[in-house]
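> Next comes the structure file entry17.cif, holding mmCIF, C-alpha atoms.
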data_protein
#
loop_
_atom_site.label_atom_id
_atom_site.label_comp_id
_atom_site.auth_asym_id
_atom_site.auth_seq_id
_atom_site.Cartn_x
_atom_site.Cartn_y
_atom_site.Cartn_z
CA MET A 1 15.00 19.37 -22.40
CA THR A 2 12.30 16.71 -22.42
CA ILE A 3 9.61 16.38 -19.80
CA THR A 4 11.33 13.18 -18.57
CA GLY A 5 14.52 15.11 -17.89
CA ILE A 6 12.65 17.80 -15.98
CA ALA A 7 10.81 15.12 -14.00
CA ALA A 8 14.15 13.54 -13.07
CA ILE A 9 15.46 16.92 -11.88
CA GLY A 10 12.28 17.35 -9.83
CA ALA A 11 12.79 13.96 -8.18
CA GLY A 12 16.36 14.97 -7.39
CA LEU A 13 15.22 18.23 -5.79
CA ALA A 14 12.71 16.31 -3.66
CA ALA A 15 15.54 14.03 -2.55
CA ILE A 16 17.66 17.06 -1.56
CA GLY A 17 14.83 18.38 0.59
CA ALA A 18 14.33 15.03 2.28
CA GLY A 19 18.10 14.71 2.82
CA VAL A 20 18.25 18.06 4.62
CA GLY A 21 15.19 17.17 6.70
CA ILE A 22 16.35 13.71 7.74
CA GLY A 23 19.83 15.08 8.42
CA LYS A 24 18.45 17.68 10.78
CA ILE A 25 16.28 15.10 12.55
CA GLY A 26 19.22 12.70 12.90
CA GLY A 27 21.56 15.40 14.17
CA SER A 28 19.10 16.67 16.75
CA ALA A 29 18.26 13.13 17.85
CA MET A 30 21.97 12.42 18.36
CA ASP A 31 22.33 15.63 20.39
CA ALA A 32 19.34 14.76 22.52
CA MET A 33 20.55 11.20 23.11
CA ALA A 34 23.98 12.48 24.15
CA ARG A 35 22.38 14.87 26.62
CA GLN A 36 19.89 12.40 28.02
CA PRO A 37 21.04 8.82 27.42
CA GLU A 38 18.20 7.52 29.63
CA MET A 39 15.67 8.77 27.04
CA HIS A 40 17.45 6.89 24.25
CA GLY A 41 14.56 4.61 23.30
CA LYS A 42 11.90 7.29 23.18
CA ILE A 43 14.04 9.71 21.19
CA GLN A 44 14.96 7.03 18.71
CA SER A 45 11.36 6.00 18.03
CA SER A 46 10.13 9.56 17.59
CA ALA A 47 13.09 10.35 15.34
CA LEU A 48 12.18 7.36 13.18
CA ILE A 49 8.58 8.51 12.91
CA LEU A 50 9.62 12.04 11.98
CA ALA A 51 12.03 10.66 9.40
CA ALA A 52 9.14 8.71 7.90
CA PHE A 53 7.11 11.94 7.65
CA VAL A 54 9.91 13.76 5.87
CA GLU A 55 10.50 10.80 3.60
CA ALA A 56 6.82 10.75 2.68
CA VAL A 57 7.04 14.33 1.40
CA ALA A 58 10.00 13.38 -0.78
CA LEU A 59 8.04 10.39 -2.06
CA PHE A 60 5.17 12.68 -3.10
CA GLY A 61 7.70 14.39 -5.35
CA VAL A 62 9.01 11.09 -6.66
CA VAL A 63 5.51 9.82 -7.44
CA VAL A 64 4.62 12.99 -9.36
CA ALA A 65 7.92 12.77 -11.23
CA PHE A 66 7.23 9.13 -12.01
CA LEU A 67 3.78 9.92 -13.35
CA GLN A 68 5.17 12.66 -15.59
CA GLY A 69 8.39 10.99 -16.66
CA MET B 1 16.65 -22.73 22.44
CA ARG B 2 13.17 -22.27 20.98
CA LEU B 3 14.02 -18.69 20.11
CA ASN B 4 17.07 -19.88 18.17
CA THR B 5 15.01 -22.29 16.09
CA PHE B 6 12.55 -19.50 15.38
CA LYS B 7 15.40 -17.21 14.32
CA ASN B 8 16.80 -19.88 12.03
CA VAL B 9 13.48 -20.44 10.36
CA LEU B 10 12.95 -16.69 9.99
CA PHE B 11 16.33 -16.16 8.36
CA SER B 12 15.96 -19.10 6.00
CA VAL B 13 12.58 -17.79 4.89
CA LEU B 14 14.05 -14.32 4.40
CA PHE B 15 16.90 -15.61 2.28
CA LEU B 16 14.60 -17.86 0.29
CA ALA B 17 12.36 -14.89 -0.37
CA ILE B 18 15.30 -12.82 -1.56
CA SER B 19 16.58 -15.55 -3.84
CA PHE B 20 13.15 -15.69 -5.43
CA ALA B 21 13.38 -12.01 -6.28
CA GLY B 22 15.58 -12.89 -9.23
CA TYR B 23 12.99 -15.20 -10.68
CA ALA B 24 10.36 -12.51 -10.55
CA PHE B 25 12.09 -10.85 -13.45
CA GLU B 26 11.45 -13.26 -16.24
CA ASN B 27 9.28 -10.97 -18.24
CA SER B 28 6.85 -12.84 -20.42
CA ASP B 29 6.29 -9.76 -22.59
CA SER B 30 9.90 -9.31 -23.73
CA LYS B 31 10.74 -11.03 -27.00
CA GLU B 32 14.18 -11.94 -28.24
CA GLY B 33 16.18 -8.95 -29.44
CA GLU B 34 13.76 -6.47 -27.94
CA GLU B 35 15.25 -3.73 -25.78
CA PHE B 36 14.61 -4.27 -22.04
CA ASN B 37 12.32 -1.55 -20.76
CA PRO B 38 12.64 -1.19 -16.96
CA LYS B 39 9.78 1.30 -16.64
CA GLU B 40 7.29 -1.02 -18.33
CA MET B 41 8.44 -3.99 -16.25
CA ILE B 42 8.21 -2.04 -12.98
CA LEU B 43 4.74 -0.69 -13.78
CA HIS B 44 3.63 -4.19 -14.72
CA HIS B 45 4.71 -5.46 -11.31
CA VAL B 46 3.25 -2.59 -9.32
CA LYS B 47 -0.14 -2.58 -11.06
CA ASP B 48 -3.11 -4.79 -10.36
CA ALA B 49 -3.62 -7.81 -12.64
CA HIS B 50 -6.27 -10.30 -13.65
CA GLU B 51 -4.06 -13.33 -13.11
CA PHE B 52 -1.59 -14.37 -10.47
CA HIS B 53 1.65 -14.77 -12.38
CA LEU B 54 4.01 -16.93 -10.28
CA TRP B 55 7.02 -17.71 -12.45
CA ASP B 56 8.04 -18.73 -15.95
CA TRP B 57 8.80 -22.38 -16.67
CA LYS B 58 10.62 -23.13 -19.95
CA GLY B 59 9.38 -19.91 -21.50
CA ARG B 60 5.75 -20.45 -20.49
CA PRO B 61 4.25 -18.50 -17.60
CA VAL B 62 3.02 -20.48 -14.60
CA SER B 63 0.09 -18.57 -13.21
CA LEU B 64 -3.08 -18.80 -11.21
CA SER B 65 -6.08 -17.73 -13.27
CA LEU B 66 -8.56 -15.54 -11.45
CA PRO B 67 -12.23 -15.13 -12.34
CA ILE B 68 -13.37 -12.17 -14.42
CA ILE B 69 -16.77 -10.79 -13.46
CA LEU B 70 -18.28 -8.15 -15.75
CA TRP B 71 -21.58 -6.33 -15.83
CA THR B 72 -22.52 -5.71 -19.47
CA ASP B 73 -25.67 -4.79 -21.38
CA ASN B 74 -26.48 -8.51 -21.60
CA GLY B 75 -26.25 -8.89 -17.83
CA LEU B 76 -23.68 -10.58 -15.68
CA THR B 77 -20.81 -12.22 -17.57
CA THR B 78 -18.25 -14.40 -15.85
CA PHE B 79 -15.33 -16.36 -17.25
CA SER B 80 -11.82 -17.37 -16.29
CA SER B 81 -8.88 -15.10 -17.11
CA SER B 82 -7.12 -18.18 -18.56
CA LYS B 83 -9.26 -17.66 -21.69
CA PHE B 84 -7.02 -14.74 -22.62
CA HIS B 85 -4.00 -17.11 -22.72
CA HIS B 86 -1.77 -14.57 -20.88
CA ASP B 87 -2.35 -12.07 -23.67
CA ASP B 88 -2.21 -8.46 -22.54
CA ASN B 89 -2.13 -6.62 -25.86
CA GLY B 90 -5.73 -7.02 -27.00
CA LYS B 91 -4.98 -9.80 -29.50
CA VAL B 92 -6.98 -12.69 -28.04
CA ILE B 93 -10.73 -12.15 -28.34
CA VAL B 94 -13.00 -13.97 -25.90
CA GLU B 95 -16.63 -14.40 -26.91
CA GLU B 96 -18.90 -14.80 -23.95
CA ASN B 97 -22.62 -14.18 -23.48
CA GLY B 98 -22.90 -12.61 -26.95
CA ASN B 99 -20.17 -10.04 -26.38
CA LYS B 100 -16.52 -9.90 -27.46
CA PHE B 101 -13.88 -9.00 -24.90
CA VAL B 102 -10.18 -8.22 -25.12
CA LYS B 103 -7.61 -7.52 -22.41
CA PHE B 104 -5.28 -4.59 -23.01
CA HIS B 105 -2.77 -3.52 -20.33
CA GLU B 106 -4.75 -5.32 -17.61
CA LYS B 107 -8.00 -3.60 -18.55
CA ILE B 108 -10.94 -5.50 -20.02
CA TYR B 109 -12.58 -3.87 -23.04
CA GLN B 110 -15.80 -4.86 -24.73
CA LEU B 111 -15.52 -4.65 -28.54
CA GLU B 112 -18.31 -3.17 -30.63
CA ASP B 113 -20.25 -5.64 -32.80
CA ASN B 114 -18.37 -5.12 -36.06
CA ALA B 115 -14.88 -4.65 -34.58
CA SER B 116 -12.29 -7.38 -34.63
CA VAL B 117 -9.23 -5.50 -33.34
CA ILE B 118 -9.09 -2.87 -30.64
CA GLU B 119 -7.95 0.54 -31.87
CA PHE B 120 -6.91 3.60 -29.90
CA ASP B 121 -6.85 7.28 -30.77
CA GLU B 122 -3.95 9.56 -29.92
CA GLU B 123 -5.10 10.10 -26.35
CA HIS B 124 -5.24 6.33 -25.73
CA HIS B 125 -9.01 6.23 -25.66
CA PRO B 126 -10.40 3.19 -27.48
CA ILE B 127 -12.32 4.04 -30.66
CA ASN B 128 -14.26 0.84 -31.22
CA ALA B 129 -14.61 -0.52 -27.70
CA HIS B 130 -15.70 0.47 -24.21
CA LYS B 131 -15.01 -0.68 -20.69
CA PRO B 132 -17.80 -2.68 -19.03
CA LEU B 133 -18.26 -2.47 -15.26
CA ASN B 134 -15.54 -4.71 -13.90
CA PHE B 135 -16.07 -6.52 -10.60
CA SER B 136 -13.35 -9.10 -11.20
CA ILE B 137 -11.49 -10.90 -8.46
CA THR B 138 -8.11 -9.41 -9.33
CA ARG B 139 -4.73 -10.15 -7.78
CA ASN B 140 -5.21 -7.43 -5.18
CA VAL B 141 -8.68 -8.61 -4.19
CA PHE B 142 -7.36 -12.16 -3.90
CA MET B 143 -4.46 -11.04 -1.70
CA MET B 144 -6.81 -9.01 0.45
CA TRP B 145 -8.90 -12.13 1.11
CA VAL B 146 -5.76 -14.09 1.91
CA SER B 147 -4.67 -11.46 4.41
CA VAL B 148 -8.14 -11.39 5.96
CA VAL B 149 -8.02 -15.17 6.40
CA VAL B 150 -4.53 -15.00 7.92
CA LEU B 151 -5.57 -12.24 10.32
CA LEU B 152 -8.70 -14.14 11.33
CA LEU B 153 -6.64 -17.29 11.98
CA ILE B 154 -4.12 -15.39 14.11
CA PHE B 155 -6.63 -13.47 16.17
CA LEU B 156 -9.25 -16.19 16.59
CA THR B 157 -6.52 -18.57 17.78
CA ALA B 158 -5.30 -15.91 20.19
CA ALA B 159 -8.83 -15.27 21.48
CA ARG B 160 -9.43 -18.99 21.98
CA SER B 161 -6.23 -19.37 23.97
CA TYR B 162 -7.43 -16.65 26.38
CA LYS B 163 -10.72 -18.47 26.83
CA LYS B 164 -8.94 -21.71 27.70
CA SER B 165 -6.42 -20.31 30.15
CA SER B 166 -7.80 -19.73 33.64
CA ASP B 167 -5.27 -17.12 34.77
CA GLY B 168 -5.29 -14.90 31.68
CA VAL B 169 -1.61 -15.53 30.89
CA PRO B 170 -1.11 -15.44 27.11
CA THR B 171 0.07 -18.69 25.55
CA GLY B 172 1.08 -19.54 22.02
CA ILE B 173 0.33 -16.91 19.41
CA ALA B 174 -1.41 -14.74 21.98
CA GLY B 175 2.01 -14.10 23.49
CA PHE B 176 2.99 -12.50 20.19
CA VAL B 177 -0.24 -10.56 19.64
CA GLU B 178 -0.76 -9.21 23.15
CA PRO B 179 2.26 -6.86 23.26
CA LEU B 180 1.23 -5.39 19.90
CA ILE B 181 -2.34 -4.77 21.06
CA VAL B 182 -1.08 -3.25 24.30
CA PHE B 183 1.27 -1.09 22.23
CA VAL B 184 -1.58 0.21 20.07
CA ARG B 185 -3.63 0.90 23.21
CA ASP B 186 -0.94 2.54 25.35
CA GLU B 187 1.16 4.32 22.72
CA ILE B 188 -1.50 5.27 20.17
CA GLY B 189 -5.00 5.15 21.64
CA LYS B 190 -4.54 6.57 25.15
CA PRO B 191 -2.14 9.47 24.46
CA MET B 192 -3.82 10.61 21.24
CA ILE B 193 -7.53 10.28 22.07
CA GLY B 194 -7.55 10.55 25.85
CA GLU B 195 -7.79 8.27 28.84
CA HIS B 196 -11.59 7.98 29.04
CA LYS B 197 -12.60 8.13 25.35
CA TYR B 198 -10.13 5.85 23.61
CA LYS B 199 -12.12 2.65 24.10
CA ARG B 200 -14.72 3.48 21.44
CA TYR B 201 -12.00 3.80 18.78
CA MET B 202 -9.80 0.85 19.71
CA PRO B 203 -11.50 -1.71 17.41
CA TYR B 204 -10.97 0.53 14.38
CA LEU B 205 -7.39 1.45 15.31
CA LEU B 206 -6.42 -2.18 15.90
CA THR B 207 -8.08 -3.26 12.66
CA ILE B 208 -6.31 -0.73 10.44
CA PHE B 209 -2.98 -1.25 12.20
CA PHE B 210 -2.90 -5.00 11.67
CA PHE B 211 -4.59 -4.93 8.27
CA ILE B 212 -2.14 -2.40 6.82
CA TRP B 213 0.83 -4.09 8.42
CA ILE B 214 0.04 -7.57 7.15
CA ASN B 215 -0.70 -6.28 3.65
CA ASN B 216 2.57 -4.34 3.61
CA ILE B 217 4.40 -7.53 4.59
CA PHE B 218 2.60 -9.58 1.91
CA GLY B 219 3.66 -6.98 -0.63
CA LEU B 220 7.30 -7.70 0.19
CA ILE B 221 7.16 -11.44 -0.51
CA PRO B 222 8.61 -11.73 -4.01
CA ILE B 223 7.10 -15.14 -4.83
CA LEU B 224 3.67 -13.50 -4.59
CA ASN B 225 5.01 -11.32 -7.37
CA GLY B 226 4.13 -7.85 -6.27
CA ALA B 227 0.78 -8.35 -4.62
CA ASN B 228 1.01 -4.64 -4.12
CA LEU B 229 -2.22 -4.13 -2.21
CA SER B 230 -1.23 -1.30 0.14
CA GLY B 231 0.51 0.35 -2.81
CA ASN B 232 -2.85 0.56 -4.54
CA ILE B 233 -4.42 4.00 -4.27
CA ALA B 234 -7.97 2.63 -4.20
CA PHE B 235 -7.13 0.55 -1.13
CA THR B 236 -5.50 3.41 0.78
CA CYS B 237 -8.33 5.73 -0.34
CA THR B 238 -10.92 3.41 1.21
CA LEU B 239 -9.07 3.32 4.54
CA ALA B 240 -8.65 7.12 4.50
CA VAL B 241 -12.37 7.57 3.77
CA PHE B 242 -13.19 5.41 6.80
CA THR B 243 -10.98 7.63 8.96
CA PHE B 244 -12.64 10.74 7.50
CA ILE B 245 -16.16 9.44 8.15
CA ILE B 246 -15.37 8.45 11.73
CA THR B 247 -13.67 11.79 12.41
CA THR B 248 -16.58 13.76 10.97
CA LEU B 249 -19.28 11.76 12.74
CA SER B 250 -17.56 11.89 16.13
CA GLY B 251 -16.84 15.62 15.92
CA ASN B 252 -18.28 17.47 18.93
CA SER B 253 -19.41 21.09 19.06
CA ASN B 254 -15.93 22.18 20.09
CA TYR B 255 -14.46 20.62 16.94
CA TRP B 256 -16.96 22.28 14.61
CA LYS B 257 -16.47 25.58 16.38
CA HIS B 258 -12.74 25.39 15.69
CA ILE B 259 -13.48 24.84 12.02
CA PHE B 260 -16.18 27.43 11.37
CA TRP B 261 -15.60 30.10 14.01
CA MET B 262 -12.14 29.78 15.54
CA PRO B 263 -12.33 30.99 19.14
CA GLY B 264 -9.77 33.40 20.53
CA VAL B 265 -8.93 35.31 17.36
CA PRO B 266 -10.30 38.60 15.98
CA VAL B 267 -13.31 38.48 13.62
CA PRO B 268 -11.48 39.17 10.30
CA MET B 269 -9.13 36.33 11.20
CA LYS B 270 -12.11 34.03 11.94
CA ILE B 271 -13.45 34.65 8.43
CA PHE B 272 -10.01 34.15 6.94
CA LEU B 273 -9.42 30.88 8.83
CA MET B 274 -12.76 29.26 7.99
CA PRO B 275 -11.97 28.20 4.39
CA ILE B 276 -8.50 27.06 5.43
CA GLU B 277 -9.93 24.86 8.17
CA ILE B 278 -12.56 23.43 5.81
CA ILE B 279 -9.88 22.56 3.26
CA GLY B 280 -7.81 21.09 6.10
CA MET B 281 -10.67 18.73 6.94
CA PHE B 282 -10.29 17.10 3.52
CA VAL B 283 -6.53 17.43 3.18
CA LYS B 284 -5.95 15.27 6.26
CA PRO B 285 -7.43 12.05 4.83
CA ILE B 286 -5.93 12.81 1.40
CA SER B 287 -2.46 13.05 2.91
CA LEU B 288 -3.10 9.77 4.76
CA MET B 289 -4.04 8.15 1.46
CA ILE B 290 -1.06 9.44 -0.52
CA ARG B 291 1.48 8.80 2.23
CA LEU B 292 0.76 5.07 2.49
CA PHE B 293 0.37 4.65 -1.28
CA ALA B 294 3.57 6.53 -2.14
CA ASN B 295 5.71 4.88 0.52
CA ILE B 296 4.80 1.32 -0.38
CA THR B 297 4.85 1.89 -4.14
CA ALA B 298 8.19 3.69 -3.97
CA GLY B 299 9.65 0.81 -1.96
CA HIS B 300 8.59 -1.68 -4.63
CA VAL B 301 9.84 0.58 -7.43
CA ILE B 302 13.26 1.05 -5.83
CA ILE B 303 13.80 -2.70 -5.27
CA LEU B 304 12.72 -3.50 -8.84
CA ALA B 305 14.77 -0.66 -10.33
CA LEU B 306 17.92 -1.86 -8.54
CA MET B 307 17.31 -5.36 -9.84
CA SER B 308 16.71 -4.17 -13.39
CA LEU B 309 20.15 -2.50 -13.40
CA ILE B 310 21.53 -5.97 -14.20
CA PHE B 311 19.37 -6.14 -17.30
CA VAL B 312 19.98 -2.53 -18.31
CA PHE B 313 23.78 -2.91 -18.23
CA LYS B 314 23.54 -6.47 -19.62
CA THR B 315 26.37 -7.76 -17.44
CA VAL B 316 26.65 -10.08 -14.44
CA ALA B 317 29.36 -7.87 -12.96
CA ILE B 318 26.78 -5.40 -11.70
CA ALA B 319 24.76 -8.18 -10.04
CA PRO B 320 26.60 -8.20 -6.66
CA VAL B 321 26.07 -4.45 -6.31
CA SER B 322 22.40 -4.49 -7.20
CA VAL B 323 21.65 -7.59 -5.13
CA ALA B 324 23.44 -6.08 -2.12
CA PHE B 325 21.60 -2.79 -2.52
CA SER B 326 18.21 -4.40 -3.00
CA LEU B 327 18.86 -6.57 0.08
CA PHE B 328 19.60 -3.39 2.01
CA ILE B 329 16.44 -1.69 0.71
CA THR B 330 14.39 -4.82 1.45
CA VAL B 331 15.54 -4.76 5.07
CA ILE B 332 14.63 -1.06 5.28
CA GLU B 333 11.25 -1.85 3.71
CA ILE B 334 10.59 -4.45 6.42
CA ILE B 335 10.96 -1.64 8.98
CA VAL B 336 8.86 0.67 6.78
CA THR B 337 5.98 -1.86 6.73
CA ALA B 338 5.60 -1.44 10.49
CA ILE B 339 6.33 2.31 10.53
CA GLN B 340 3.72 3.08 7.88
CA ALA B 341 1.05 1.01 9.63
CA TYR B 342 1.96 2.81 12.85
CA ILE B 343 1.84 6.26 11.24
CA PHE B 344 -1.51 5.65 9.57
CA THR B 345 -2.95 4.47 12.90
CA ILE B 346 -1.42 7.22 15.03
CA LEU B 347 -2.60 9.96 12.65
CA SER B 348 -6.11 8.50 12.54
CA ALA B 349 -6.07 8.46 16.34
CA LEU B 350 -4.81 12.04 16.37
CA TYR B 351 -7.72 13.17 14.17
CA PHE B 352 -10.21 11.31 16.37
CA GLY B 353 -8.61 12.98 19.38
CA MET B 354 -8.99 16.41 17.77
CA ALA B 355 -12.63 15.68 16.95
CA THR B 356 -13.53 14.63 20.49
CA GLU B 357 -11.38 17.07 22.45
CA ASP B 358 -13.20 18.85 25.27
CA HIS B 359 -13.25 22.58 25.69
CA HIS B 360 -10.59 23.83 28.06
#
Show the structure stored in the file as structure tokens.


Amino acid sequence: MTITGIAAIGAGLAAIGAGVGIGKIGGSAMDAMARQPEMHGKIQSSALILAAFVEAVALFGVVVAFLQG
Amino acid sequence: MRLNTFKNVLFSVLFLAISFAGYAFENSDSKEGEEFNPKEMILHHVKDAHEFHLWDWKGRPVSLSLPIILWTDNGLTTFSSSKFHHDDNGKVIVEENGNKFVKFHEKIYQLEDNASVIEFDEEHHPINAHKPLNFSITRNVFMMWVSVVVLLLIFLTAARSYKKSSDGVPTGIAGFVEPLIVFVRDEIGKPMIGEHKYKRYMPYLLTIFFFIWINNIFGLIPILNGANLSGNIAFTCTLAVFTFIITTLSGNSNYWKHIFWMPGVPVPMKIFLMPIEIIGMFVKPISLMIRLFANITAGHVIILALMSLIFVFKTVAIAPVSVAFSLFITVIEIIVTAIQAYIFTILSALYFGMATEDHH
């Protein structure tokens, strides 16, 4: 397998990690909003921020894969 | 009524911008019969450049030439990038101030006296040329100045409108800016740094918030052809270094104590924690730098990659899919512009808050 192929697999693994992370954040945010609808706005904004953090970690992986591939 | 007009204008500009995205693809490097290389095209768009390529007109590139400023052995050398005639493969040689220069992959090389063609060894180091110190006004520098001018116009107009009004009610553009400033103060400054210390840091926080945001937005305008300033690691590095310097200089004794001699843990643990905390000091700004760089660059790469699907499959049938997807990603990127500016600012504020926290 070439280094490009391995880099592509690495990018895919990073995407899996980010998918799990964002899924957990989204699920918990939904739960929290259902329990406390009056906190809807605050929960949504912090969920978005956390999703951005998780996404950033996946992007680190993508950037490294891009540099290698 | 006024809001509706504003909405209309906004949407027309958005759609115009998206329709321009297609034009951004006419790649001046690709010759007839040559295989389309998406990676090369994407890197070309994401990287910095010595000219502002706008579009191609009848096979010839329409571009804005930017000045090239070099510091060589013969002193300061300046000339226009139009002298390279859009060449980026080291073929056109410019003789200036007794030296010969070529441009290869957006880098300026100075040829040795007897060389006429630039040659590279296997590790892509030039054999018969070297890089002079390059202080050129590149595309990114140009866009940074544009964004500085735009920011100055917005904020000076807002400041003037406060001076004029007697009751302090915001009018005009101040009505747009004031909620954002209040947001940075009440949602970032006060909760992260503390009620009585946040004022010292507000100028810096406001500056990086608006500067990053406006540069992210400029990066999304396709007619500017990937003025990818906040996706440039040197730019994000500079901002992160500012945050690091301010954090370090405003650190109180409590902060340094937590780094070198963590209170409340046994002595072996204190020794064990010290190197980790020292590394952490440097990791924080590095993560700030990479987060902004990677997010903005990845956004550009994804939009361009979706668009280049049309050229990879060589069919129009894929166009609706890739246009729809890149529209979707563009809308997400518009949200990301604000989120990334917010995250950079809130994390900087968090570090300042950690540095100035009182003992309790």

> Show me which bits of chain A are within 10 Å of chain B, counting only C-alpha atoms, as a list in words.

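My answer is Ser45, Leu48, Ile49, Leu50, Ala52, Phe53, Glu55, Ala56, Val57, Ala58, Leu59, Phe60, Gly61, Val62, Val63, Val64, Phe66 and Gly69 of chain A.
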
> So that I can check the surroundings of Met33 (chain A), please list as a list in words every protein, DNA and RNA residue that reaches within 12 Å of it, counting all atoms listed in the file and ignoring chain neighbours fewer than 6 positions away.

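The neighbour list is Gly26, Gly27, Met39, His40, Gly41, Lys42, Ile43, Gln44, Ser45, Ser46 and Ala47 of chain A.
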
> One number please: CA of Ser116 (chain B) to CA of Lys91 (chain B), in Å, one decimal.

9.3 Å

> Specify as a list in words each residue included when the PyMOL selection byres ((chain B and resi 40-42) around 8) is applied to this file.

Asn27, Asn37, Pro38, Lys39, Leu43, His44, His45, Val46, Val301, Leu304 and Ala305 of chain B

> Could you tell me how far CA of Phe52 (chain B) sits from CA of Met143 (chain B), in Å to one decimal place?

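So the two atoms, CA of Met143 (chain B) and CA of Phe52 (chain B), lie 9.8 Å apart.
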
> Please indicate the distance in Å from CA of Phe272 (chain B) to CA of Ala349 (chain B), rounded to one decimal place.

27.6 Å

> Determine the residue set returned by the PyMOL selection byres ((chain A and resi 8) around 12) for the present structure, and present it as a PyMOL selection string.

chain A and resi 1-7+9-15+61-69

> Generate N, CA and C atoms for region 192-204 of chain B and emit them as a CSV table (one decimal), in the frame of the given file.


chain,number,residue,atom,x,y,z
B,192,MET,N,-3.3,9.8,22.3
B,192,MET,CA,-3.8,10.6,21.2
B,192,MET,C,-5.3,11.0,21.4
B,193,ILE,N,-6.1,10.0,22.0
B,193,ILE,CA,-7.5,10.3,22.1
B,193,ILE,C,-7.9,10.7,23.5
B,194,GLY,N,-7.2,10.2,24.5
B,194,GLY,CA,-7.6,10.6,25.8
B,194,GLY,C,-8.0,9.3,26.6
B,195,GLU,N,-7.7,9.4,27.9
B,195,GLU,CA,-7.8,8.3,28.8
B,195,GLU,C,-9.2,7.7,28.9
B,196,HIS,N,-10.2,8.5,28.8
B,196,HIS,CA,-11.6,8.0,29.0
B,196,HIS,C,-12.4,7.9,27.8
B,197,LYS,N,-11.8,8.2,26.6
B,197,LYS,CA,-12.6,8.1,25.4
B,197,LYS,C,-12.0,7.1,24.4
B,198,TYR,N,-10.8,6.6,24.6
B,198,TYR,CA,-10.1,5.8,23.6
B,198,TYR,C,-10.8,4.5,23.3
B,199,LYS,N,-11.6,4.0,24.3
B,199,LYS,CA,-12.1,2.6,24.1
B,199,LYS,C,-13.0,2.5,22.9
B,200,ARG,N,-13.8,3.5,22.6
B,200,ARG,CA,-14.7,3.5,21.4
B,200,ARG,C,-14.0,3.3,20.1
B,201,TYR,N,-12.7,3.8,20.1
B,201,TYR,CA,-12.0,3.8,18.8
B,201,TYR,C,-11.0,2.7,18.7
B,202,MET,N,-10.8,1.9,19.7
B,202,MET,CA,-9.8,0.8,19.7
B,202,MET,C,-10.1,-0.2,18.6
B,203,PRO,N,-11.3,-0.7,18.5
B,203,PRO,CA,-11.5,-1.7,17.4
B,203,PRO,C,-11.0,-1.2,16.0
B,204,TYR,N,-11.4,0.0,15.7
B,204,TYR,CA,-11.0,0.5,14.4
B,204,TYR,C,-9.5,0.7,14.3
